[in-house]
Structures are given as C-alpha cells and as structure tokens.
Protein chains: 2
Amino acid sequence: MDDQLSRVFSALADPIRRDMVARLAVADAGVNELAEPYDVSVQAVSKHLKVLEEAGLVSRTKQAQRRPVHLEAEVFDLMTKWIERYRRQAEERYRRLDDVLAEMDTEQSPIDTRHTERGAS
Amino acid sequence: MDDQLSRVFSALADPIRRDMVARLAVADAGVNELAEPYDVSVQAVSKHLKVLEEAGLVSRTKQAQRRPVHLEAEVFDLMTKWIERYRRQAEERYRRLDDVLAEMDTEQSPIDTRHTERGAS
DNA sequence: GTTCTTCTCAACCGCAAGGTTGAACAAGGA
DNA sequence: TCCTTGTTCAACCTTGCGGTTGAGAAGAAC
C-alpha cells in the first residue's frame with residue numbers, strides 16, 4: 001500500500017466507502033450523518049473516512065465541533081488516466097490483431113491462431 | 001467482496017497485479033513468463049491471476065500445458081462509468097455552489113441540498 | 001514407459017483490514 | 001460550572017490477503 005494509486009483503488013474496493021463517496025458527491029456531511037444509513041458503529045465510519053482521506057479522496061475541514069467531510073474529485077483523474085491508458089492499449093492491440101488476421105488469408109504461415117476469434121468472453 | 005465493482009477495485013489495488021495488467025495490455029503471456037520480473041514465487045503469481053480472473057479482468061485459455069492469460073478490457077468500462085458518474089456529480093455540485101455563492105449577496109438562504117438521487121454501489 | 005515443463009492446489013504463517021466496545025477530547029449550550 | 005454533541009483514540013478480536021513450501025495434475029518430449 002505504498003503509492004497513491006494503490007490507496008485509491010483499495011479505498012474504493014469497499015462498498016460502504018463507495019456509497020459514502022456517492023453521497024458526498026451530493027453534499028458534504030458530518031461523520032454521524034454519514035454513519036446513519038449503515039449498520040456499523042460511528043467509529044467504524046470514522047475509520048473508513050480516514051482511509052478515504054489518506055487516499056486523497058476526501059478532506060475534512062474543521063468547523064466548530066463538527067468535521068464536515070468534503071469530496072475531492074481530483075484524484076479520480078488519476079484512476080481514469082491509468083484505466084484509459086491500458087484499455088486503449090488493449091483495444092489497439094485487438095485492432096492490430098484483426099489486421100494481422102485479415103492478412104492471414106493470403107499467407108499461410110504456421111502462426112498461432114488461438115485467441116484470435118472473438119475470444120472475448 | 002460481493003459485487004464485481006468491489007472485486008475489480010480490489011484487484012487493481014495491488015501494484016503487482018496492476019503491473020501484470022499493464023504487461024498484458026501489450027501481449028498475452030503465460031504464468032511463468034508473467035512471474036519472471038517479480039520477486040515472488042510462481043504460485044503467488046498464479047494466485048494474483050486468480051484474483052484478476054475472478055474480477056473479470058483476465059481470462060485464461062487452455063493451450064497444451066500452457067495457460068495463456070488474456071486481458072479483458074471490457075470491465076474497465078464498469079469502473080470508468082462509476083468514477084465518471086460521481087466525478088461529474090461532484091463537479092456539478094461545485095458549479096451550482098458557485099452559482100449559489102454568487103447569488104448570496106442578495107439572498108440569505110442556506111445551501112440547497114435537494115438532490116435525492118443516490119445509486120447503490 | 002520416464003522425464004521435464006507448466007501450472008494449480010493445499011496447508012501454513014504473519015500481518016493488516018474491518019468490526020467491536022470503552023474512554024477521551026474539543027467546543028457549544030444550559 | 002456541568003452537560004451534551006460530534007468525533008477520534010486505544011485495545012481487542014476475527015477474518016482475509018499475500019506470501020511461502022510441498023505436492024500433484026496434465027501434456028509434451030525423450
């Protein structure tokens with residue numbers, strides 16, 4: 001759990017934390033408020049928030065005795081970039097593979113042909 | 001770790017697994033081949049692959065005694081959709097907040113929070 | 001046949017994650 | 001001052017994860 005990417009993915013791997021993010025996208029909220037819908041203690045939610053905060057997904061501003069939690073949308077870009085990069089790469093490879101296959105009708109070299117058909121499944 | 005989204009995020013929370021995905025985006029590979037760069041046993045890598053497979057990120061086709069691993073880019077969409085949804089929502093809220101703030105010189109009402117939509121994760 | 005390669009399964013270990021309860025702290029309000 | 005509210009800290013427990021080693025299954029090659 002070193003790099004930020006690991007922390008972010010890990011943070012969002014938990015359904016409760018994802019739901020909290022979903023709710024924080026609508027409005028900032030305090031810990032008690034956030035904890036209300038779930039069947040766990042307030043302390044547990046506080047821990048979840050700590051995880052989200054360390055991942056950079058959330059920030060807490062001190063306001064009186066409350067600690068409103070605010071969603072930081074920036075970090076999402078980090079994930080999106082990573083994902084898009086490899087998805088694009090995979091799709092590119094797929095496309096090139098199709099080209100190779102299309103060319104393979106003319107030539108007859110003993111190249112691997114597995115995985116070449118609509119292997120996605 | 002019930003739903004697929006949890007499995008996918010969890011799978012990508014590990015640096016080794018992310019690196020494997022990165023390499024598989026370039027070309028399919030066998031387990032030994034994949035294990036080579038890392039300082040862990042082949043069995044450990046096999047376990048990592050199982051995780052990736054159960055997340056739907058990867059598929060293994062049987063070919064002789066080898067088990068080539070293939071990246072399935074589809075699942076990425078699942079994540080991207082989730083991420084984009086809430087990022088967009090957060091940005092939208094930000095924009096509206098600016099509007100409210102701009103309007104606050106004239107009126108004196110608290111911030112409007114009446115969006116009620118909240119999706120399950 | 002036997003042997004080598006590739007990969008997975010099973011059992012175990014150490015440690016961190018997510019949960020609990022109980023106590024503490026900080027800031028308003030009575 | 002004392003009390004209430006909101007939040008976190010400290011211990012503890014149990015479960016799951018990532019790693020190990022050892023053995024075994026399935027084919028290819030000899």
# chains A, B, ... in the order shown; residues from 1 in each chain; ligands from 1
>>> residues_around(residues="segment 1-11 of chain C", least_positions_apart="5", cutoff="12 Å", atoms="only C-alpha atoms (C1' of nucleotides)", output="number ranges by chain")
B: 30-33, 35, 42-47, 49-50, 60, 62-68; D: 20-30
>>> interface_residues(of="chain A", to="chain B", cutoff="6 Å", atoms="only C-alpha atoms", output="short mmCIF file (atom, residue, chain, number, x, y, z; two decimals) with N, CA, C and O atoms, in the first residue's frame")
data_model
loop_
_atom_site.label_atom_id
_atom_site.label_comp_id
_atom_site.auth_asym_id
_atom_site.auth_seq_id
_atom_site.Cartn_x
_atom_site.Cartn_y
_atom_site.Cartn_z
N SER A 6 -2.59 2.73 -5.46
CA SER A 6 -2.99 1.59 -4.65
C SER A 6 -3.96 2.00 -3.57
O SER A 6 -4.96 1.32 -3.32
N PHE A 9 -7.50 2.82 -5.23
CA PHE A 9 -8.22 1.61 -5.62
C PHE A 9 -8.68 0.83 -4.40
O PHE A 9 -9.80 0.36 -4.31
N SER A 10 -7.78 0.72 -3.46
CA SER A 10 -8.09 -0.02 -2.24
C SER A 10 -9.24 0.63 -1.48
O SER A 10 -10.15 -0.05 -0.99
N ALA A 13 -12.54 -0.13 -2.98
CA ALA A 13 -12.88 -1.55 -3.06
C ALA A 13 -13.96 -1.91 -2.04
O ALA A 13 -14.55 -2.98 -2.10
N ASP A 19 -20.22 3.92 -1.29
CA ASP A 19 -21.51 4.57 -1.05
C ASP A 19 -21.31 5.93 -0.39
O ASP A 19 -22.01 6.89 -0.71
N ALA A 25 -20.79 13.07 -3.03
CA ALA A 25 -20.84 13.76 -4.32
C ALA A 25 -22.04 14.69 -4.36
O ALA A 25 -22.07 15.67 -5.09
N ALA A 73 -12.67 15.61 -5.97
CA ALA A 73 -12.86 14.88 -7.22
C ALA A 73 -11.58 14.70 -8.01
O ALA A 73 -11.49 13.86 -8.91
N TYR A 86 -4.50 1.70 -20.35
CA TYR A 86 -4.35 0.29 -20.68
C TYR A 86 -5.52 -0.25 -21.47
O TYR A 86 -5.38 -1.18 -22.24
N ARG A 87 -6.69 0.37 -21.26
CA ARG A 87 -7.82 -0.05 -22.06
C ARG A 87 -7.54 0.28 -23.52
O ARG A 87 -7.70 -0.54 -24.42
N GLN A 89 -4.68 0.71 -24.92
CA GLN A 89 -3.59 -0.15 -25.39
C GLN A 89 -4.13 -1.52 -25.80
O GLN A 89 -3.79 -2.06 -26.84
N ALA A 90 -5.01 -2.05 -24.94
CA ALA A 90 -5.58 -3.37 -25.21
C ALA A 90 -6.43 -3.34 -26.48
O ALA A 90 -6.38 -4.26 -27.30
#
>>> closest_atom_pairs(of="chain C", to="chain A", cutoff="12 Å", atoms="only C-alpha atoms (C1' of nucleotides)", output="Markdown table")
| residue | atom | partner | partner_atom | distance |
| --- | --- | --- | --- | --- |
| C:DA16 | C1' | A:Met1 | CA | 10.4 |
| C:DA17 | C1' | A:Lys47 | CA | 10.4 |
| C:DG18 | C1' | A:Ala44 | CA | 7.6 |
| C:DG19 | C1' | A:Ala44 | CA | 7.0 |
| C:DT20 | C1' | A:Ser41 | CA | 8.2 |
| C:DT21 | C1' | A:Ser41 | CA | 10.0 |
| C:DG22 | C1' | A:Gln43 | CA | 11.6 |
| C:DC25 | C1' | A:Gln65 | CA | 10.8 |
| C:DA26 | C1' | A:Gln65 | CA | 6.6 |
| C:DA27 | C1' | A:Gln65 | CA | 5.2 |
| C:DG28 | C1' | A:Gln65 | CA | 8.0 |
>>> atom_distance(atom1="atom C1' of DT15 of chain D", atom2="atom CA of Glu54 of chain B")
19.8 Å
>>> closest_atom_pairs(of="chain D", to="chain A", cutoff="10 Å", atoms="only C-alpha atoms (C1' of nucleotides)", output="Markdown table")
| residue | atom | partner | partner_atom | distance |
| --- | --- | --- | --- | --- |
| D:DT5 | C1' | A:Gln65 | CA | 8.2 |
| D:DG6 | C1' | A:Arg66 | CA | 5.9 |
| D:DT7 | C1' | A:Val31 | CA | 7.5 |
| D:DT8 | C1' | A:Ser46 | CA | 7.7 |
| D:DC9 | C1' | A:Gln43 | CA | 9.9 |
>>> atom_distance(atom1="atom CA of Glu53 of chain B", atom2="atom C1' of DG14 of chain C")
25.9 Å
>>> residues_around(residues="DG29 of chain C", least_positions_apart="4", cutoff="12 Å", atoms="only C-alpha atoms (C1' of nucleotides)", output="ChimeraX atom specification")
/D:2-5
>>> write_last_selection(atoms="N, CA and C atoms (P, O5', C5', C4', C3', O3' and C1' of nucleotides)", output="tab-separated table (two decimals), in the first residue's frame")
chain	number	residue	atom	x	y	z
D	2	DC	P	-18.34	21.05	38.02
D	2	DC	O5'	-19.60	20.67	37.11
D	2	DC	C5'	-20.93	20.92	37.58
D	2	DC	C4'	-21.91	20.60	36.47
D	2	DC	C3'	-21.74	19.19	35.86
D	2	DC	O3'	-23.01	18.59	35.75
D	2	DC	C1'	-21.68	20.82	34.16
D	3	DC	P	-23.16	17.09	35.16
D	3	DC	O5'	-23.71	17.40	33.70
D	3	DC	C5'	-24.84	18.26	33.55
D	3	DC	C4'	-25.25	18.33	32.11
D	3	DC	C3'	-25.21	16.98	31.37
D	3	DC	O3'	-26.32	16.90	30.51
D	3	DC	C1'	-23.80	18.53	30.27
D	4	DT	P	-26.77	15.50	29.85
D	4	DT	O5'	-26.70	15.86	28.31
D	4	DT	C5'	-27.12	17.16	27.87
D	4	DT	C4'	-26.58	17.43	26.49
D	4	DT	C3'	-26.50	16.19	25.59
D	4	DT	O3'	-27.13	16.51	24.35
D	4	DT	C1'	-24.44	17.35	25.57
D	5	DT	P	-27.35	15.35	23.23
D	5	DT	O5'	-26.33	15.80	22.09
D	5	DT	C5'	-26.25	17.17	21.75
D	5	DT	C4'	-25.09	17.38	20.80
D	5	DT	C3'	-24.90	16.25	19.77
D	5	DT	O3'	-24.77	16.83	18.49
D	5	DT	C1'	-22.87	16.69	20.90
>>> select_by_dssp(residues="segment 17-108 of chain A", states="helix (DSSP H, G or I)", output="PyMOL selection string")
chain A and resi 17-24+31-35+42-54+74-103
>>> atom_distance(atom1="atom CA of Glu36 of chain B", atom2="atom CA of Arg17 of chain B")
13.5 Å
